[in-house]
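K.L.:
So I've got this file, entry.txt, and it contains compact mmCIF, C-alpha atoms:
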# COMPACT_ATOMS: atom_id res chain seq x y z
CA MET C 11 60.85 -15.49 60.12
CA SER C 12 61.71 -17.43 63.22
CA ARG C 13 58.44 -19.26 63.84
CA GLN C 14 55.80 -20.72 61.55
CA LYS C 15 53.20 -18.25 62.79
CA ASP C 16 55.42 -15.48 61.39
CA PHE C 17 54.74 -16.69 57.85
CA PRO C 18 51.80 -14.96 56.10
CA PRO C 19 48.41 -16.55 56.83
CA GLY C 20 47.65 -19.42 54.48
CA SER C 21 51.31 -20.05 53.61
CA PHE C 22 50.97 -23.74 54.38
CA ASP C 23 47.52 -24.25 52.94
CA ARG C 24 47.10 -26.65 50.01
CA VAL C 25 44.73 -26.93 47.07
CA ASP C 26 43.77 -30.38 48.38
CA PRO C 27 43.59 -30.30 52.19
CA SER C 28 42.11 -33.81 52.44
CA ASP C 29 43.73 -36.59 54.45
CA ASP C 30 47.11 -37.44 52.92
CA ALA C 31 46.52 -41.12 53.67
CA PHE C 32 43.99 -41.21 50.81
CA PHE C 33 46.32 -39.44 48.37
CA TYR C 34 49.21 -41.80 49.08
CA ALA C 35 47.12 -44.98 49.41
CA ALA C 36 48.05 -46.26 45.94
CA PRO C 37 51.76 -46.99 45.48
CA ARG C 38 53.70 -44.93 42.93
CA PHE C 39 56.81 -46.73 41.72
CA VAL C 40 58.14 -43.69 39.90
CA VAL C 41 60.99 -41.23 40.34
CA HIS C 42 60.51 -37.46 40.47
CA ILE C 43 63.85 -36.30 39.04
CA ASP C 44 65.68 -37.44 35.93
CA ALA C 45 68.57 -39.92 35.78
CA ALA C 46 71.32 -37.30 35.72
CA THR C 47 69.90 -35.58 38.78
CA ILE C 48 69.46 -38.88 40.62
CA HIS C 49 73.15 -39.52 39.96
CA ALA C 50 74.00 -36.04 41.30
CA LEU C 51 71.95 -36.68 44.44
CA THR C 52 73.67 -40.02 45.01
CA GLU C 53 77.06 -38.30 44.60
CA ALA C 54 76.05 -35.67 47.17
CA TYR C 55 75.06 -38.42 49.61
CA ARG C 56 78.40 -40.16 48.99
CA GLU C 57 80.16 -36.95 49.95
CA LEU C 58 78.02 -35.93 52.91
CA LEU C 59 76.89 -39.10 54.70
CA PRO C 60 79.00 -41.06 57.18
CA ALA C 61 79.72 -44.64 56.06
CA GLY C 62 78.61 -47.06 58.74
CA GLY C 63 76.30 -44.47 60.29
CA GLU C 64 72.63 -44.63 61.22
CA ILE C 65 70.47 -42.85 58.66
CA LEU C 66 66.80 -41.81 58.71
CA ASP C 67 65.12 -41.35 55.34
CA LEU C 68 62.06 -39.14 55.90
CA MET C 69 59.13 -39.10 53.47
CA SER C 70 60.71 -42.23 52.06
CA SER C 71 59.52 -44.40 49.19
CA TRP C 72 60.67 -47.39 47.15
CA VAL C 73 64.13 -45.93 46.49
CA SER C 74 66.47 -43.83 48.66
CA HIS C 75 69.18 -42.96 46.09
CA LEU C 76 71.96 -43.95 48.50
CA PRO C 77 75.30 -45.05 47.02
CA VAL C 78 75.18 -48.79 46.41
CA GLU C 79 78.67 -49.41 47.73
CA MET C 80 78.15 -47.50 51.01
CA ALA C 81 77.17 -49.66 53.97
CA PHE C 82 75.27 -48.16 56.88
CA GLN C 83 74.57 -49.60 60.30
CA ARG C 84 70.91 -48.70 59.86
CA VAL C 85 68.71 -46.99 57.30
CA ALA C 86 65.29 -46.33 58.79
CA GLY C 87 62.49 -45.18 56.52
CA LEU C 88 59.44 -43.11 57.39
CA GLY C 89 56.79 -42.77 54.72
CA MET C 90 53.13 -43.03 53.79
CA ASN C 91 52.84 -46.19 51.68
CA SER C 92 53.80 -49.60 53.03
CA LEU C 93 54.07 -51.25 49.59
CA GLU C 94 56.60 -48.66 48.46
CA LEU C 95 58.62 -48.96 51.66
CA ASP C 96 58.58 -52.76 51.47
CA GLU C 97 60.23 -52.53 48.03
CA ASN C 98 63.06 -50.24 49.17
CA PRO C 99 66.15 -52.50 49.40
CA ARG C 100 68.15 -50.01 51.49
CA LEU C 101 65.78 -49.80 54.43
CA SER C 102 66.59 -51.77 57.58
CA ASP C 103 63.20 -50.90 59.06
CA HIS C 104 60.33 -48.57 58.30
CA VAL C 105 57.21 -46.98 59.76
CA ILE C 106 54.07 -45.47 58.28
CA HIS C 107 53.74 -41.97 59.70
CA ASP C 108 51.96 -38.83 58.49
CA LEU C 109 54.16 -35.85 59.35
CA ASN C 110 51.40 -33.38 58.56
CA ARG C 111 49.14 -35.01 61.12
CA GLU C 112 51.91 -35.66 63.68
CA PRO C 113 55.17 -33.79 63.08
CA GLU C 114 56.93 -35.37 66.07
CA LEU C 115 59.12 -38.21 64.84
CA PRO C 116 58.51 -41.64 66.46
CA TYR C 117 62.17 -42.12 67.41
CA PRO C 118 64.19 -41.54 70.59
CA ASP C 119 66.56 -38.63 71.09
CA GLY C 120 69.97 -38.75 69.46
CA GLY C 121 69.51 -41.97 67.50
CA PHE C 122 70.71 -40.93 64.03
CA ASP C 123 73.84 -39.56 62.37
CA ALA C 124 71.94 -38.11 59.42
CA VAL C 125 68.34 -37.42 58.40
CA LEU C 126 67.35 -37.09 54.73
CA ILE C 127 64.42 -35.51 52.92
CA ALA C 128 64.62 -35.96 49.15
CA VAL C 129 62.41 -33.83 46.86
CA SER C 130 59.48 -33.93 49.30
CA VAL C 131 59.91 -30.99 51.67
CA GLN C 132 57.31 -29.02 49.67
CA TYR C 133 54.54 -31.20 51.12
CA LEU C 134 55.16 -30.38 54.79
CA THR C 135 52.41 -28.25 56.30
CA ARG C 136 54.21 -27.96 59.67
CA PRO C 137 57.85 -27.84 58.57
CA LEU C 138 59.30 -26.04 61.58
CA GLU C 139 57.88 -28.65 63.94
CA VAL C 140 59.25 -31.45 61.76
CA PHE C 141 62.70 -29.83 61.55
CA ALA C 142 62.75 -29.29 65.33
CA SER C 143 62.00 -33.00 65.78
CA VAL C 144 64.77 -33.86 63.31
CA ALA C 145 67.20 -31.88 65.47
CA ARG C 146 66.03 -33.89 68.48
CA VAL C 147 66.64 -37.31 66.90
CA LEU C 148 70.07 -36.38 65.52
CA ARG C 149 73.24 -37.00 67.50
CA PRO C 150 75.50 -34.03 68.31
CA GLY C 151 77.11 -33.00 65.03
CA GLY C 152 74.46 -34.93 63.09
CA LEU C 153 73.47 -33.76 59.63
CA HIS C 154 70.06 -32.95 58.15
CA VAL C 155 70.16 -33.05 54.34
CA VAL C 156 67.24 -31.67 52.34
CA ALA C 157 67.36 -32.11 48.55
CA LEU C 158 64.97 -30.14 46.38
CA SER C 159 64.19 -29.79 42.70
CA HIS C 160 61.40 -28.16 40.69
CA ARG C 161 58.62 -30.75 40.41
CA CYS C 162 55.72 -31.43 42.77
CA PHE C 163 52.18 -32.73 43.08
CA PRO C 164 50.53 -29.29 42.74
CA THR C 165 47.44 -30.15 44.77
CA LYS C 166 49.55 -31.24 47.77
CA ALA C 167 52.47 -28.77 47.75
CA VAL C 168 51.99 -25.89 50.20
CA ARG C 169 51.03 -22.46 48.90
CA VAL C 170 54.25 -20.65 49.86
CA TRP C 171 56.29 -23.20 47.90
CA GLN C 172 54.22 -22.75 44.76
CA MET C 173 54.28 -18.95 44.99
CA LEU C 174 58.08 -18.75 45.04
CA PRO C 175 60.45 -19.15 42.08
CA PRO C 176 62.81 -22.13 42.39
CA LEU C 177 65.84 -20.29 43.77
CA GLU C 178 63.76 -18.62 46.48
CA ARG C 179 62.50 -22.03 47.56
CA VAL C 180 66.09 -22.79 48.58
CA GLY C 181 65.96 -19.79 50.91
CA LEU C 182 62.59 -20.98 52.22
CA VAL C 183 64.07 -24.34 53.24
CA ALA C 184 67.03 -22.56 54.86
CA SER C 185 64.51 -20.54 56.88
CA TYR C 186 62.97 -23.80 58.14
CA PHE C 187 66.33 -24.74 59.67
CA ARG C 188 66.71 -21.31 61.28
CA GLY C 189 63.13 -21.19 62.51
CA ALA C 190 63.18 -24.68 63.99
CA GLY C 191 66.32 -24.04 66.03
CA GLY C 192 68.85 -26.64 67.05
CA PHE C 193 70.96 -26.34 63.88
CA ALA C 194 74.03 -24.41 62.80
CA GLU C 195 73.65 -22.05 59.83
CA PRO C 196 72.54 -24.14 56.83
CA GLU C 197 74.82 -24.64 53.84
CA ILE C 198 73.38 -24.40 50.33
CA LEU C 199 74.84 -26.46 47.49
CA ASP C 200 73.83 -26.31 43.83
CA ARG C 201 74.36 -29.80 42.41
CA SER C 202 72.29 -29.37 39.25
CA PRO C 203 73.74 -31.49 36.42
CA ALA C 204 74.22 -29.97 32.97
CA GLY C 205 71.07 -30.58 30.95
CA GLY C 206 69.25 -32.28 33.84
CA ASP C 207 66.66 -31.31 36.41
CA PRO C 208 67.82 -28.73 38.96
CA LEU C 209 69.11 -30.02 42.29
CA TRP C 210 69.80 -27.98 45.38
CA ILE C 211 70.94 -29.32 48.73
CA VAL C 212 70.26 -27.45 51.95
CA ALA C 213 72.07 -29.06 54.87
CA ALA C 214 72.89 -28.19 58.46
CA ARG C 215 74.37 -29.88 61.51
CA THR C 216 73.29 -30.02 65.10
CA PRO C 217 75.75 -28.52 67.61
CA VAL C 218 78.56 -30.79 68.83
Could you express the structure from this file as structure tokens?
P.N.:
Amino acid sequence: MSRQKDFPPGSFDRVDPSDDAFFYAAPRFVVHIDAATIHALTEAYRELLPAGGEILDLMSSWVSHLPVEMAFQRVAGLGMNSLELDENPRLSDHVIHDLNREPELPYPDGGFDAVLIAVSVQYLTRPLEVFASVARVLRPGGLHVVALSHRCFPTKAVRVWQMLPPLERVGLVASYFRGAGGFAEPEILDRSPAGGDPLWIVAARTPV
């Protein structure tokens, strides 16, 4: 499936199609994976992200799970709730932006070394457009890291996500990279901790 229109009709419909601004209006100072899996995600970031680089945290919230000891030149956050973003100590700057209403990112070309989406990709109704915009804002050789687990807000997750078993969702995210274009073949990593929530990483680089 190379383009979003090639997915079956209704794939990106949701139980609750109302404006996401209403759903995310109240801040939620919670985490969506357990402590062991948060640790595994932080370890993956430690391994994958360039120290001193410029990072964009998409669909960001009050915590980014970045390694405490790693310094970055910039960590920009894009999310839906200003109170949550204000509380995130890792963000250098942030914007409120609804990717389902406007999938084009409000950043210039080639401004970031890495772009992150942590356990939120299931809410994108126009994922190929978002991923294509991610490729645009990344520098040559830049890395897009998508972390996924098994939980979601069921009324806001897209239909195709909810229809697939967890392991097939990993393949779905890999297909977003391929369909968007502008990325090398995605790499899939299983970083699920023993006894914790599952954690898969799907990551790909832009061409050098």
K.L.:
What does the structure give for the distance between CA of His160 in chain C and CA of Glu53 in chain C, in Å to one decimal?
P.N.:
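A separation of 19.1 Å between them.
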K.L.:
For the atom pair CA of Phe82 in chain C and CA of Ala50 in chain C, what is the interatomic distance in Å to one decimal place?
P.N.:
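Pair CA of Phe82 in chain C / CA of Ala50 in chain C returns 19.8 Å.
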K.L.:
Using all atoms listed in the file, which of the listed residues (C:Gly20, C:Pro113, C:Pro217, C:Pro208) sits closest to Val129 in chain C?
P.N.:
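Comparing C:Gly20, C:Pro113, C:Pro217, C:Pro208 against Val129 in chain C, the winner is C:Pro208.
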K.L.:
Rank nothing, just name the residue among C:Asp44, C:Asp123, C:Asp23, C:Glu114 nearest to Asp67 in chain C, using only C-alpha atoms.
P.N.:
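Closest residue, counting only C-alpha atoms: C:Asp123.
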K.L.:
Give me the residues within 12 Å of range 86-98 of chain C as an NGL selection string, counting all atoms listed in the file and dropping any in the same chain fewer than 2 places off.
P.N.:
:C and (29-41 or 63-76 or 82-84 or 100-111 or 113-117 or 121-128 or 130)
K.L.:
When you look at Pro175 in chain C with a cut-off of 12 Å (counting only C-alpha atoms), what residues show up, excluding the ones that are within fewer than 5 positions of it in the same chain? I need them as a ChimeraX atom specification.
P.N.:
/C:159-161,170,180-182
K.L.:
Between CA of Leu209 in chain C and CA of Leu174 in chain C, measure the distance and give it in Å to one decimal.
P.N.:
16.0 Å
K.L.:
Is it possible to get the residues within 9 Å of (71.6, -34.5, 52.8) (coordinates as in the file, counting all atoms listed in the file) written as a tab-separated table (two decimals) with C-alpha atoms, in the frame of the given file?
P.N.:
chain	number	residue	atom	x	y	z
C	51	LEU	CA	71.95	-36.68	44.44
C	54	ALA	CA	76.05	-35.67	47.17
C	55	TYR	CA	75.06	-38.42	49.61
C	58	LEU	CA	78.02	-35.93	52.91
C	59	LEU	CA	76.89	-39.10	54.70
C	124	ALA	CA	71.94	-38.11	59.42
C	125	VAL	CA	68.34	-37.42	58.40
C	126	LEU	CA	67.35	-37.09	54.73
C	127	ILE	CA	64.42	-35.51	52.92
C	128	ALA	CA	64.62	-35.96	49.15
C	153	LEU	CA	73.47	-33.76	59.63
C	154	HIS	CA	70.06	-32.95	58.15
C	155	VAL	CA	70.16	-33.05	54.34
C	156	VAL	CA	67.24	-31.67	52.34
C	157	ALA	CA	67.36	-32.11	48.55
C	211	ILE	CA	70.94	-29.32	48.73
C	212	VAL	CA	70.26	-27.45	51.95
C	213	ALA	CA	72.07	-29.06	54.87
C	214	ALA	CA	72.89	-28.19	58.46
K.L.:
Nearest residue to Ala145 in chain C out of C:Ala167, C:Ala194, C:Met173, C:Gln132, using all atoms listed in the file?
P.N.:
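Of C:Ala167, C:Ala194, C:Met173, C:Gln132, the one nearest Ala145 in chain C is C:Ala194, counting all atoms listed in the file.
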K.L.:
Counting only C-alpha atoms, which residue out of C:Gly206, C:Gly120, C:Pro137, C:Gly152 sits closest to Phe17 in chain C?
P.N.:
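Closest to Phe17 in chain C, using only C-alpha atoms: C:Pro137.
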K.L.:
Nearest residue to Arg136 in chain C out of C:Val168, C:Val25, C:Cys162, C:Leu148, using all atoms listed in the file?
P.N.:
C:Val168
K.L.:
For Leu134 in chain C, which residue among C:Pro18, C:Pro27, C:Pro118, C:Pro99 is the nearest when counting all atoms listed in the file?
P.N.:
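Closest candidate: C:Pro27.
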K.L.:
What would range 201-212 of chain C look like with N, CA and C atoms restored, written as a short mmCIF file (atom, residue, chain, number, x, y, z; two decimals), keeping the file's coordinate frame?
P.N.:
data_model
loop_
_atom_site.label_atom_id
_atom_site.label_comp_id
_atom_site.auth_asym_id
_atom_site.auth_seq_id
_atom_site.Cartn_x
_atom_site.Cartn_y
_atom_site.Cartn_z
N ARG C 201 73.81 -28.60 43.04
CA ARG C 201 74.36 -29.80 42.41
C ARG C 201 73.60 -30.14 41.12
N SER C 202 73.06 -29.13 40.47
CA SER C 202 72.29 -29.37 39.25
C SER C 202 73.20 -29.85 38.13
N PRO C 203 72.90 -31.00 37.53
CA PRO C 203 73.74 -31.49 36.42
C PRO C 203 73.43 -30.74 35.13
N ALA C 204 74.43 -30.63 34.27
CA ALA C 204 74.22 -29.97 32.97
C ALA C 204 73.14 -30.72 32.19
N GLY C 205 72.12 -29.99 31.76
CA GLY C 205 71.07 -30.58 30.95
C GLY C 205 70.05 -31.39 31.72
N GLY C 206 70.19 -31.49 33.04
CA GLY C 206 69.25 -32.28 33.84
C GLY C 206 68.32 -31.41 34.66
N ASP C 207 67.51 -32.05 35.48
CA ASP C 207 66.66 -31.31 36.41
C ASP C 207 67.53 -30.57 37.42
N PRO C 208 67.05 -29.43 37.93
CA PRO C 208 67.82 -28.73 38.96
C PRO C 208 67.88 -29.54 40.25
N LEU C 209 68.96 -29.35 41.00
CA LEU C 209 69.11 -30.02 42.29
C LEU C 209 69.84 -29.09 43.24
N TRP C 210 69.17 -28.75 44.32
CA TRP C 210 69.80 -27.98 45.38
C TRP C 210 69.78 -28.81 46.66
N ILE C 211 70.84 -28.67 47.42
CA ILE C 211 70.94 -29.32 48.73
C ILE C 211 71.02 -28.23 49.79
N VAL C 212 70.17 -28.33 50.79
CA VAL C 212 70.26 -27.45 51.95
C VAL C 212 70.53 -28.37 53.14
#
